[in-house]
Each structure stands twice: as C-alpha cells, then as structure tokens.
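Chemist: Here you go, this is my_file07.cif (mmCIF, N, CA and C atoms and all ligand atoms).
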data_structure
loop_
_atom_site.group_PDB
_atom_site.id
_atom_site.type_symbol
_atom_site.label_atom_id
_atom_site.label_comp_id
_atom_site.auth_asym_id
_atom_site.auth_seq_id
_atom_site.Cartn_x
_atom_site.Cartn_y
_atom_site.Cartn_z
ATOM 1 N N MET A 1 -107.757 32.167 16.023
ATOM 2 C CA MET A 1 -107.259 31.325 17.108
ATOM 3 C C MET A 1 -105.755 31.157 16.965
ATOM 4 N N LYS A 2 -105.014 31.364 18.074
ATOM 5 C CA LYS A 2 -103.550 31.331 18.016
ATOM 6 C C LYS A 2 -102.980 29.948 18.292
ATOM 7 N N LYS A 3 -103.649 29.209 19.185
ATOM 8 C CA LYS A 3 -103.028 27.981 19.670
ATOM 9 C C LYS A 3 -104.094 26.993 20.117
ATOM 10 N N VAL A 4 -103.848 25.697 19.923
ATOM 11 C CA VAL A 4 -104.749 24.658 20.439
ATOM 12 C C VAL A 4 -103.884 23.540 21.012
ATOM 13 N N TRP A 5 -104.313 22.990 22.154
ATOM 14 C CA TRP A 5 -103.540 21.903 22.748
ATOM 15 C C TRP A 5 -104.465 21.021 23.585
ATOM 16 N N ILE A 6 -103.931 19.868 23.980
ATOM 17 C CA ILE A 6 -104.694 18.921 24.786
ATOM 18 C C ILE A 6 -103.951 18.687 26.096
ATOM 19 N N GLU A 7 -104.634 18.932 27.194
ATOM 20 C CA GLU A 7 -104.029 18.724 28.501
ATOM 21 C C GLU A 7 -104.114 17.243 28.875
ATOM 22 N N PRO A 8 -103.343 16.796 29.842
ATOM 23 C CA PRO A 8 -103.396 15.396 30.256
ATOM 24 C C PRO A 8 -104.806 15.009 30.710
ATOM 25 N N GLY A 9 -105.192 13.767 30.450
ATOM 26 C CA GLY A 9 -106.498 13.288 30.901
ATOM 27 C C GLY A 9 -107.388 12.762 29.793
ATOM 28 N N CYS A 10 -106.898 12.780 28.545
ATOM 29 C CA CYS A 10 -107.682 12.261 27.414
ATOM 30 C C CYS A 10 -108.058 10.808 27.670
ATOM 31 N N ILE A 11 -109.338 10.476 27.444
ATOM 32 C CA ILE A 11 -109.801 9.096 27.641
ATOM 33 C C ILE A 11 -110.005 8.384 26.302
ATOM 34 N N THR A 12 -109.476 8.991 25.224
ATOM 35 C CA THR A 12 -109.481 8.360 23.890
ATOM 36 C C THR A 12 -110.894 8.008 23.412
ATOM 37 N N CYS A 13 -111.821 8.919 23.647
ATOM 38 C CA CYS A 13 -113.203 8.642 23.230
ATOM 39 C C CYS A 13 -113.385 8.792 21.719
ATOM 40 N N GLY A 14 -112.520 9.584 21.071
ATOM 41 C CA GLY A 14 -112.565 9.722 19.619
ATOM 42 C C GLY A 14 -113.396 10.878 19.096
ATOM 43 N N LYS A 15 -114.076 11.617 19.969
ATOM 44 C CA LYS A 15 -114.973 12.678 19.481
ATOM 45 C C LYS A 15 -114.234 13.798 18.765
ATOM 46 N N CYS A 16 -113.090 14.220 19.286
ATOM 47 C CA CYS A 16 -112.384 15.342 18.657
ATOM 48 C C CYS A 16 -111.933 14.972 17.248
ATOM 49 N N GLU A 17 -111.439 13.770 17.069
ATOM 50 C CA GLU A 17 -110.994 13.344 15.739
ATOM 51 C C GLU A 17 -112.186 13.205 14.800
ATOM 52 N N PHE A 18 -113.310 12.753 15.308
ATOM 53 C CA PHE A 18 -114.515 12.629 14.489
ATOM 54 C C PHE A 18 -114.991 14.010 14.029
ATOM 55 N N ILE A 19 -114.966 14.984 14.942
ATOM 56 C CA ILE A 19 -115.454 16.332 14.620
ATOM 57 C C ILE A 19 -114.456 17.091 13.747
ATOM 58 N N ALA A 20 -113.176 17.009 14.047
ATOM 59 C CA ALA A 20 -112.164 17.805 13.321
ATOM 60 C C ALA A 20 -110.941 16.951 12.989
ATOM 61 N N PRO A 21 -111.072 16.031 12.032
ATOM 62 C CA PRO A 21 -109.934 15.162 11.683
ATOM 63 C C PRO A 21 -108.753 15.920 11.082
ATOM 64 N N GLU A 22 -109.009 17.154 10.590
ATOM 65 C CA GLU A 22 -107.911 17.968 10.055
ATOM 66 C C GLU A 22 -106.996 18.438 11.183
ATOM 67 N N VAL A 23 -107.533 18.460 12.405
ATOM 68 C CA VAL A 23 -106.801 19.035 13.536
ATOM 69 C C VAL A 23 -106.330 17.981 14.525
ATOM 70 N N PHE A 24 -107.193 17.020 14.846
ATOM 71 C CA PHE A 24 -106.885 16.075 15.932
ATOM 72 C C PHE A 24 -106.630 14.671 15.402
ATOM 73 N N GLU A 25 -105.780 13.969 16.132
ATOM 74 C CA GLU A 25 -105.444 12.605 15.753
ATOM 75 C C GLU A 25 -105.353 11.770 17.023
ATOM 76 N N ILE A 26 -106.012 10.611 17.011
ATOM 77 C CA ILE A 26 -105.939 9.726 18.176
ATOM 78 C C ILE A 26 -104.841 8.698 17.916
ATOM 79 N N LEU A 27 -103.852 8.674 18.756
ATOM 80 C CA LEU A 27 -102.846 7.600 18.709
ATOM 81 C C LEU A 27 -103.096 6.822 20.005
ATOM 82 N N ALA A 28 -102.186 6.806 20.953
ATOM 83 C CA ALA A 28 -102.509 6.205 22.253
ATOM 84 C C ALA A 28 -103.505 7.115 22.969
ATOM 85 N N ILE A 29 -103.346 8.427 22.780
ATOM 86 C CA ILE A 29 -104.293 9.450 23.238
ATOM 87 C C ILE A 29 -104.449 10.438 22.078
ATOM 88 N N ALA A 30 -105.270 11.446 22.260
ATOM 89 C CA ALA A 30 -105.464 12.432 21.191
ATOM 90 C C ALA A 30 -104.313 13.434 21.152
ATOM 91 N N TYR A 31 -103.951 13.812 19.935
ATOM 92 C CA TYR A 31 -102.927 14.829 19.707
ATOM 93 C C TYR A 31 -103.453 15.870 18.731
ATOM 94 N N VAL A 32 -102.889 17.067 18.818
ATOM 95 C CA VAL A 32 -103.094 18.053 17.763
ATOM 96 C C VAL A 32 -102.067 17.725 16.685
ATOM 97 N N LYS A 33 -102.520 17.616 15.457
ATOM 98 C CA LYS A 33 -101.617 17.262 14.370
ATOM 99 C C LYS A 33 -100.512 18.294 14.198
ATOM 100 N N LYS A 34 -99.373 17.819 13.760
ATOM 101 C CA LYS A 34 -98.213 18.675 13.548
ATOM 102 C C LYS A 34 -98.522 19.701 12.446
ATOM 103 N N ASP A 35 -98.056 20.911 12.628
ATOM 104 C CA ASP A 35 -98.163 21.974 11.629
ATOM 105 C C ASP A 35 -99.586 22.433 11.312
ATOM 106 N N VAL A 36 -100.541 22.155 12.210
ATOM 107 C CA VAL A 36 -101.903 22.653 12.010
ATOM 108 C C VAL A 36 -101.948 24.137 12.371
ATOM 109 N N ASP A 37 -102.562 24.947 11.497
ATOM 110 C CA ASP A 37 -102.790 26.353 11.827
ATOM 111 C C ASP A 37 -104.204 26.455 12.399
ATOM 112 N N PRO A 38 -104.352 26.622 13.714
ATOM 113 C CA PRO A 38 -105.683 26.617 14.324
ATOM 114 C C PRO A 38 -106.585 27.737 13.814
ATOM 115 N N ALA A 39 -105.993 28.779 13.249
ATOM 116 C CA ALA A 39 -106.802 29.890 12.747
ATOM 117 C C ALA A 39 -107.768 29.431 11.659
ATOM 118 N N GLY A 40 -107.417 28.383 10.944
ATOM 119 C CA GLY A 40 -108.274 27.915 9.865
ATOM 120 C C GLY A 40 -109.371 26.965 10.317
ATOM 121 N N TYR A 41 -109.378 26.617 11.607
ATOM 122 C CA TYR A 41 -110.321 25.592 12.083
ATOM 123 C C TYR A 41 -111.016 26.005 13.375
ATOM 124 N N GLU A 42 -111.162 27.290 13.592
ATOM 125 C CA GLU A 42 -111.688 27.773 14.873
ATOM 126 C C GLU A 42 -113.013 27.139 15.255
ATOM 127 N N LYS A 43 -113.929 27.106 14.314
ATOM 128 C CA LYS A 43 -115.265 26.596 14.618
ATOM 129 C C LYS A 43 -115.201 25.120 15.024
ATOM 130 N N LEU A 44 -114.448 24.322 14.278
ATOM 131 C CA LEU A 44 -114.342 22.890 14.564
ATOM 132 C C LEU A 44 -113.615 22.633 15.881
ATOM 133 N N ILE A 45 -112.588 23.417 16.165
ATOM 134 C CA ILE A 45 -111.845 23.240 17.425
ATOM 135 C C ILE A 45 -112.749 23.563 18.612
ATOM 136 N N LYS A 46 -113.525 24.625 18.498
ATOM 137 C CA LYS A 46 -114.445 24.980 19.582
ATOM 138 C C LYS A 46 -115.502 23.899 19.773
ATOM 139 N N GLU A 47 -115.985 23.353 18.668
ATOM 140 C CA GLU A 47 -116.976 22.278 18.725
ATOM 141 C C GLU A 47 -116.373 21.041 19.403
ATOM 142 N N ALA A 48 -115.168 20.676 19.010
ATOM 143 C CA ALA A 48 -114.505 19.512 19.605
ATOM 144 C C ALA A 48 -114.262 19.746 21.094
ATOM 145 N N SER A 49 -113.815 20.944 21.440
ATOM 146 C CA SER A 49 -113.550 21.268 22.844
ATOM 147 C C SER A 49 -114.827 21.166 23.667
ATOM 148 N N LYS A 50 -115.916 21.660 23.104
ATOM 149 C CA LYS A 50 -117.211 21.630 23.797
ATOM 150 C C LYS A 50 -117.682 20.189 24.047
ATOM 151 N N HIS A 51 -117.390 19.307 23.105
ATOM 152 C CA HIS A 51 -117.876 17.929 23.210
ATOM 153 C C HIS A 51 -116.909 16.976 23.902
ATOM 154 N N CYS A 52 -115.706 17.413 24.198
ATOM 155 C CA CYS A 52 -114.758 16.532 24.894
ATOM 156 C C CYS A 52 -115.316 16.206 26.276
ATOM 157 N N PRO A 53 -115.525 14.926 26.581
ATOM 158 C CA PRO A 53 -116.167 14.571 27.850
ATOM 159 C C PRO A 53 -115.335 14.886 29.087
ATOM 160 N N VAL A 54 -114.018 15.057 28.906
ATOM 161 C CA VAL A 54 -113.180 15.361 30.066
ATOM 162 C C VAL A 54 -112.567 16.769 29.979
ATOM 163 N N GLN A 55 -113.025 17.554 29.017
ATOM 164 C CA GLN A 55 -112.657 18.976 28.901
ATOM 165 C C GLN A 55 -111.145 19.230 28.888
ATOM 166 N N VAL A 56 -110.429 18.450 28.086
ATOM 167 C CA VAL A 56 -108.964 18.635 28.043
ATOM 168 C C VAL A 56 -108.481 19.356 26.791
ATOM 169 N N ILE A 57 -109.407 19.688 25.866
ATOM 170 C CA ILE A 57 -109.002 20.416 24.666
ATOM 171 C C ILE A 57 -109.059 21.907 24.979
ATOM 172 N N LYS A 58 -107.907 22.549 24.940
ATOM 173 C CA LYS A 58 -107.824 23.964 25.284
ATOM 174 C C LYS A 58 -107.360 24.767 24.076
ATOM 175 N N TYR A 59 -107.738 26.039 24.060
ATOM 176 C CA TYR A 59 -107.277 26.890 22.971
ATOM 177 C C TYR A 59 -107.127 28.327 23.445
ATOM 178 N N GLU A 60 -106.330 29.082 22.710
ATOM 179 C CA GLU A 60 -106.085 30.485 23.029
ATOM 180 C C GLU A 60 -106.531 31.297 21.839
ATOM 181 N N GLU A 61 -107.396 32.279 22.054
ATOM 182 C CA GLU A 61 -107.927 33.060 20.924
ATOM 183 C C GLU A 61 -107.032 34.245 20.596
HETATM 184 S S1 LIG B 1 -112.639 14.421 22.791
HETATM 185 FE FE1 LIG B 1 -111.320 14.648 24.602
HETATM 186 S S2 LIG B 1 -111.297 12.649 25.599
HETATM 187 FE FE2 LIG B 1 -112.112 12.361 23.540
HETATM 188 S S3 LIG B 1 -110.328 11.765 22.334
HETATM 189 FE FE3 LIG B 1 -110.547 13.986 22.131
HETATM 190 S S4 LIG B 1 -109.264 14.872 23.770
HETATM 191 FE FE4 LIG B 1 -109.570 12.687 24.226
#
Could you rewrite the structure in this file as structure tokens?

Modeler:
Amino acid sequence: MKKVWIEPGCITCGKCEFIAPEVFEILAIAYVKKDVDPAGYEKLIKEASKHCPVQVIKYEE
C-alpha cells in the first residue's frame, strides 16, 4: 500500500483507531498518524476502511 488518507466527513466514531491504533488517531476528527508507512499495515487499514460508517478512509495500493 502506497498511501492512506481520510476524506472530509469523519464522524469521530473511533472505529479506525480501535482497529489500527498504529495508523489512526482521533483528535477532533480522525487523522493518519505522521510518518506511518502504510505498507506495514495493509490488512488493518483495509479493515478500518471497511468498517468506517461514513466510508472516508481511502487508500492507494
Ligand atoms: S472509522 Fe471513519 S468515521 Fe469513524 S473515526 Fe475513523 S474515519 Fe472517522
């Protein structure tokens, strides 16, 4: 995986951080943590993206 990002619309449900705390962080909204290499977390990122209720977690393979 080359890249992961969150588009506008996060409702701060917390699922992405629960599934992949190494990658996602909830502040006012969810963010991808600084300096994360998505290649090491492909499975967790896909899982978090699948479970995001508003489908704002995107990634590029
Ligand atoms: S799973 Fe989606 S809506 Fe929930 S905190 Fe993460 S990005 Fe936001």

Chemist: Return the single residue from A:Ala30, A:Ile57, A:Ile45, A:Met1 that is closest to Gly14 in chain A, with distances computed using all atoms listed in the file.

Modeler: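 The shortest atom-to-atom distance to Gly14 in chain A comes from A:Ala30.
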
Chemist: Taking only C-alpha atoms and all ligand atoms into account, which residues have an atom no farther than 9 Å from ligand LIG 1 (chain B)? I'd like them as number ranges by chain.

Modeler: A: 6-19, 24-26, 29-31, 48-57

Chemist: At what distance in Å, to one decimal, does atom N of Lys34 in chain A lie from atom N of Lys46 in chain A?

Modeler: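 Value for the atom N of Lys46 in chain A-atom N of Lys34 in chain A distance: 16.4 Å.
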
Chemist: State, in Å with one decimal place, the distance from atom N of Gly40 in chain A to CA of Leu27 in chain A.

Modeler: 22.7 Å

Chemist: As a list in words, which residues of range 2-57 of chain A does DSSP assign to alpha helix (DSSP H)?

Modeler: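 Listing alpha helix (DSSP H) positions across range 2-57 of chain A yields Lys15, Cys16, Glu17, Phe18, Ile19, Glu42, Lys43, Leu44, Ile45, Lys46, Glu47, Ala48, Ser49, Lys50 and His51 of chain A.
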
Chemist: What separation in Å, quoted to one decimal, exists between atom N of Glu47 in chain A and CA of Lys33 in chain A?

Modeler: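 So the answer is 16.2 Å.
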
Chemist: Based on the backbone DSSP call, show me all residues of chain A assigned strand (DSSP E or B), as number ranges by chain.

Modeler: A: 3-6, 24-26, 30-32, 57-60

Chemist: Nearest residue to Lys3 in chain A out of A:Glu61, A:Glu42, A:Glu22, A:Asp35, using only N, CA and C atoms?

Modeler: A:Glu61

Chemist: Using 4 Å of padding on each side, determine the axis-aligned box around all atoms of range 2-7 of chain A present in the file and give its centre and edge lengths in Å to one decimal, as AutoDock Vina command-line options.

Modeler:
--center_x -104.0 --center_y 24.3 --center_z 23.4 --size_x 10.0 --size_y 22.1 --size_z 18.9

Chemist: At a cut-off of 7 Å, using all atoms listed in the file, what residues contact Lys2 in chain A? Leave out same-chain residues fewer than 2 positions from it and give the result as an NGL selection string.

Modeler: :A and (4 or 37-39 or 59-61)

Chemist: Provide range 7-46 of chain A of the preceding structure as a file containing N, CA and C atoms, as a CSV table (one decimal), in the first residue's frame.

Modeler:
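The file below, selection.csv, is the result:
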chain,number,residue,atom,x,y,z
A,7,GLU,N,-10.8,11.4,4.0
A,7,GLU,CA,-11.5,12.5,3.3
A,7,GLU,C,-12.4,13.2,4.3
A,8,PRO,N,-12.9,14.4,4.1
A,8,PRO,CA,-13.8,15.1,5.0
A,8,PRO,C,-15.0,14.3,5.2
A,9,GLY,N,-15.6,14.4,6.4
A,9,GLY,CA,-16.8,13.7,6.8
A,9,GLY,C,-16.7,12.8,7.9
A,10,CYS,N,-15.5,12.7,8.6
A,10,CYS,CA,-15.4,11.8,9.7
A,10,CYS,C,-16.3,12.2,10.8
A,11,ILE,N,-17.0,11.2,11.4
A,11,ILE,CA,-18.0,11.5,12.5
A,11,ILE,C,-17.4,11.1,13.9
A,12,THR,N,-16.1,10.8,13.9
A,12,THR,CA,-15.4,10.6,15.2
A,12,THR,C,-16.0,9.4,15.9
A,13,CYS,N,-16.3,8.3,15.2
A,13,CYS,CA,-16.9,7.1,15.8
A,13,CYS,C,-15.8,6.3,16.6
A,14,GLY,N,-14.6,6.4,16.2
A,14,GLY,CA,-13.5,5.8,16.9
A,14,GLY,C,-13.1,4.4,16.4
A,15,LYS,N,-13.8,3.9,15.4
A,15,LYS,CA,-13.5,2.5,14.9
A,15,LYS,C,-12.2,2.4,14.3
A,16,CYS,N,-11.7,3.3,13.5
A,16,CYS,CA,-10.4,3.2,12.9
A,16,CYS,C,-9.3,3.1,13.9
A,17,GLU,N,-9.4,4.0,14.9
A,17,GLU,CA,-8.3,4.0,15.9
A,17,GLU,C,-8.4,2.7,16.7
A,18,PHE,N,-9.6,2.2,17.0
A,18,PHE,CA,-9.7,0.9,17.7
A,18,PHE,C,-9.1,-0.2,16.9
A,19,ILE,N,-9.3,-0.3,15.6
A,19,ILE,CA,-8.8,-1.4,14.8
A,19,ILE,C,-7.3,-1.2,14.5
A,20,ALA,N,-6.9,0.0,14.2
A,20,ALA,CA,-5.5,0.2,13.8
A,20,ALA,C,-4.9,1.4,14.5
A,21,PRO,N,-4.6,1.3,15.8
A,21,PRO,CA,-4.1,2.5,16.6
A,21,PRO,C,-2.7,2.9,16.1
A,22,GLU,N,-2.0,1.9,15.4
A,22,GLU,CA,-0.6,2.3,14.9
A,22,GLU,C,-0.8,3.3,13.8
A,23,VAL,N,-1.9,3.3,13.1
A,23,VAL,CA,-2.1,4.1,11.9
A,23,VAL,C,-3.0,5.3,12.2
A,24,PHE,N,-4.1,5.2,12.9
A,24,PHE,CA,-5.1,6.3,13.0
A,24,PHE,C,-5.1,6.8,14.4
A,25,GLU,N,-5.5,8.1,14.4
A,25,GLU,CA,-5.5,8.8,15.7
A,25,GLU,C,-6.7,9.8,15.7
A,26,ILE,N,-7.6,9.7,16.7
A,26,ILE,CA,-8.7,10.6,16.8
A,26,ILE,C,-8.3,11.8,17.6
A,27,LEU,N,-8.4,13.0,17.0
A,27,LEU,CA,-8.2,14.2,17.7
A,27,LEU,C,-9.6,14.9,17.7
A,28,ALA,N,-9.8,16.0,17.0
A,28,ALA,CA,-11.2,16.5,16.8
A,28,ALA,C,-11.9,15.6,15.8
A,29,ILE,N,-11.1,15.1,14.8
A,29,ILE,CA,-11.6,14.1,13.9
A,29,ILE,C,-10.4,13.1,13.8
A,30,ALA,N,-10.6,12.0,13.0
A,30,ALA,CA,-9.6,11.0,12.8
A,30,ALA,C,-8.5,11.5,11.8
A,31,TYR,N,-7.2,11.2,12.2
A,31,TYR,CA,-6.1,11.5,11.3
A,31,TYR,C,-5.3,10.3,11.1
A,32,VAL,N,-4.5,10.2,10.0
A,32,VAL,CA,-3.5,9.2,9.8
A,32,VAL,C,-2.3,9.8,10.5
A,33,LYS,N,-1.7,9.0,11.4
A,33,LYS,CA,-0.5,9.4,12.2
A,33,LYS,C,0.6,9.8,11.3
A,34,LYS,N,1.4,10.8,11.7
A,34,LYS,CA,2.6,11.3,11.0
A,34,LYS,C,3.6,10.2,10.8
A,35,ASP,N,4.2,10.1,9.7
A,35,ASP,CA,5.3,9.2,9.4
A,35,ASP,C,4.9,7.7,9.4
A,36,VAL,N,3.6,7.4,9.2
A,36,VAL,CA,3.2,6.0,9.2
A,36,VAL,C,3.5,5.5,7.7
A,37,ASP,N,4.1,4.3,7.7
A,37,ASP,CA,4.3,3.6,6.4
A,37,ASP,C,3.2,2.7,6.2
A,38,PRO,N,2.2,3.0,5.3
A,38,PRO,CA,1.0,2.2,5.2
A,38,PRO,C,1.3,0.8,4.7
A,39,ALA,N,2.5,0.6,4.1
A,39,ALA,CA,2.8,-0.8,3.6
A,39,ALA,C,2.9,-1.8,4.7
A,40,GLY,N,3.2,-1.3,5.9
A,40,GLY,CA,3.3,-2.3,7.0
A,40,GLY,C,2.0,-2.6,7.7
A,41,TYR,N,0.9,-1.9,7.2
A,41,TYR,CA,-0.4,-2.1,7.9
A,41,TYR,C,-1.5,-2.3,7.0
A,42,GLU,N,-1.3,-2.9,5.8
A,42,GLU,CA,-2.3,-3.0,4.8
A,42,GLU,C,-3.6,-3.7,5.3
A,43,LYS,N,-3.4,-4.8,6.0
A,43,LYS,CA,-4.6,-5.5,6.4
A,43,LYS,C,-5.4,-4.7,7.4
A,44,LEU,N,-4.8,-4.0,8.3
A,44,LEU,CA,-5.5,-3.2,9.3
A,44,LEU,C,-6.2,-2.0,8.7
A,45,ILE,N,-5.5,-1.4,7.7
A,45,ILE,CA,-6.1,-0.2,7.1
A,45,ILE,C,-7.3,-0.6,6.3
A,46,LYS,N,-7.2,-1.7,5.6
A,46,LYS,CA,-8.4,-2.2,4.8
A,46,LYS,C,-9.5,-2.5,5.7
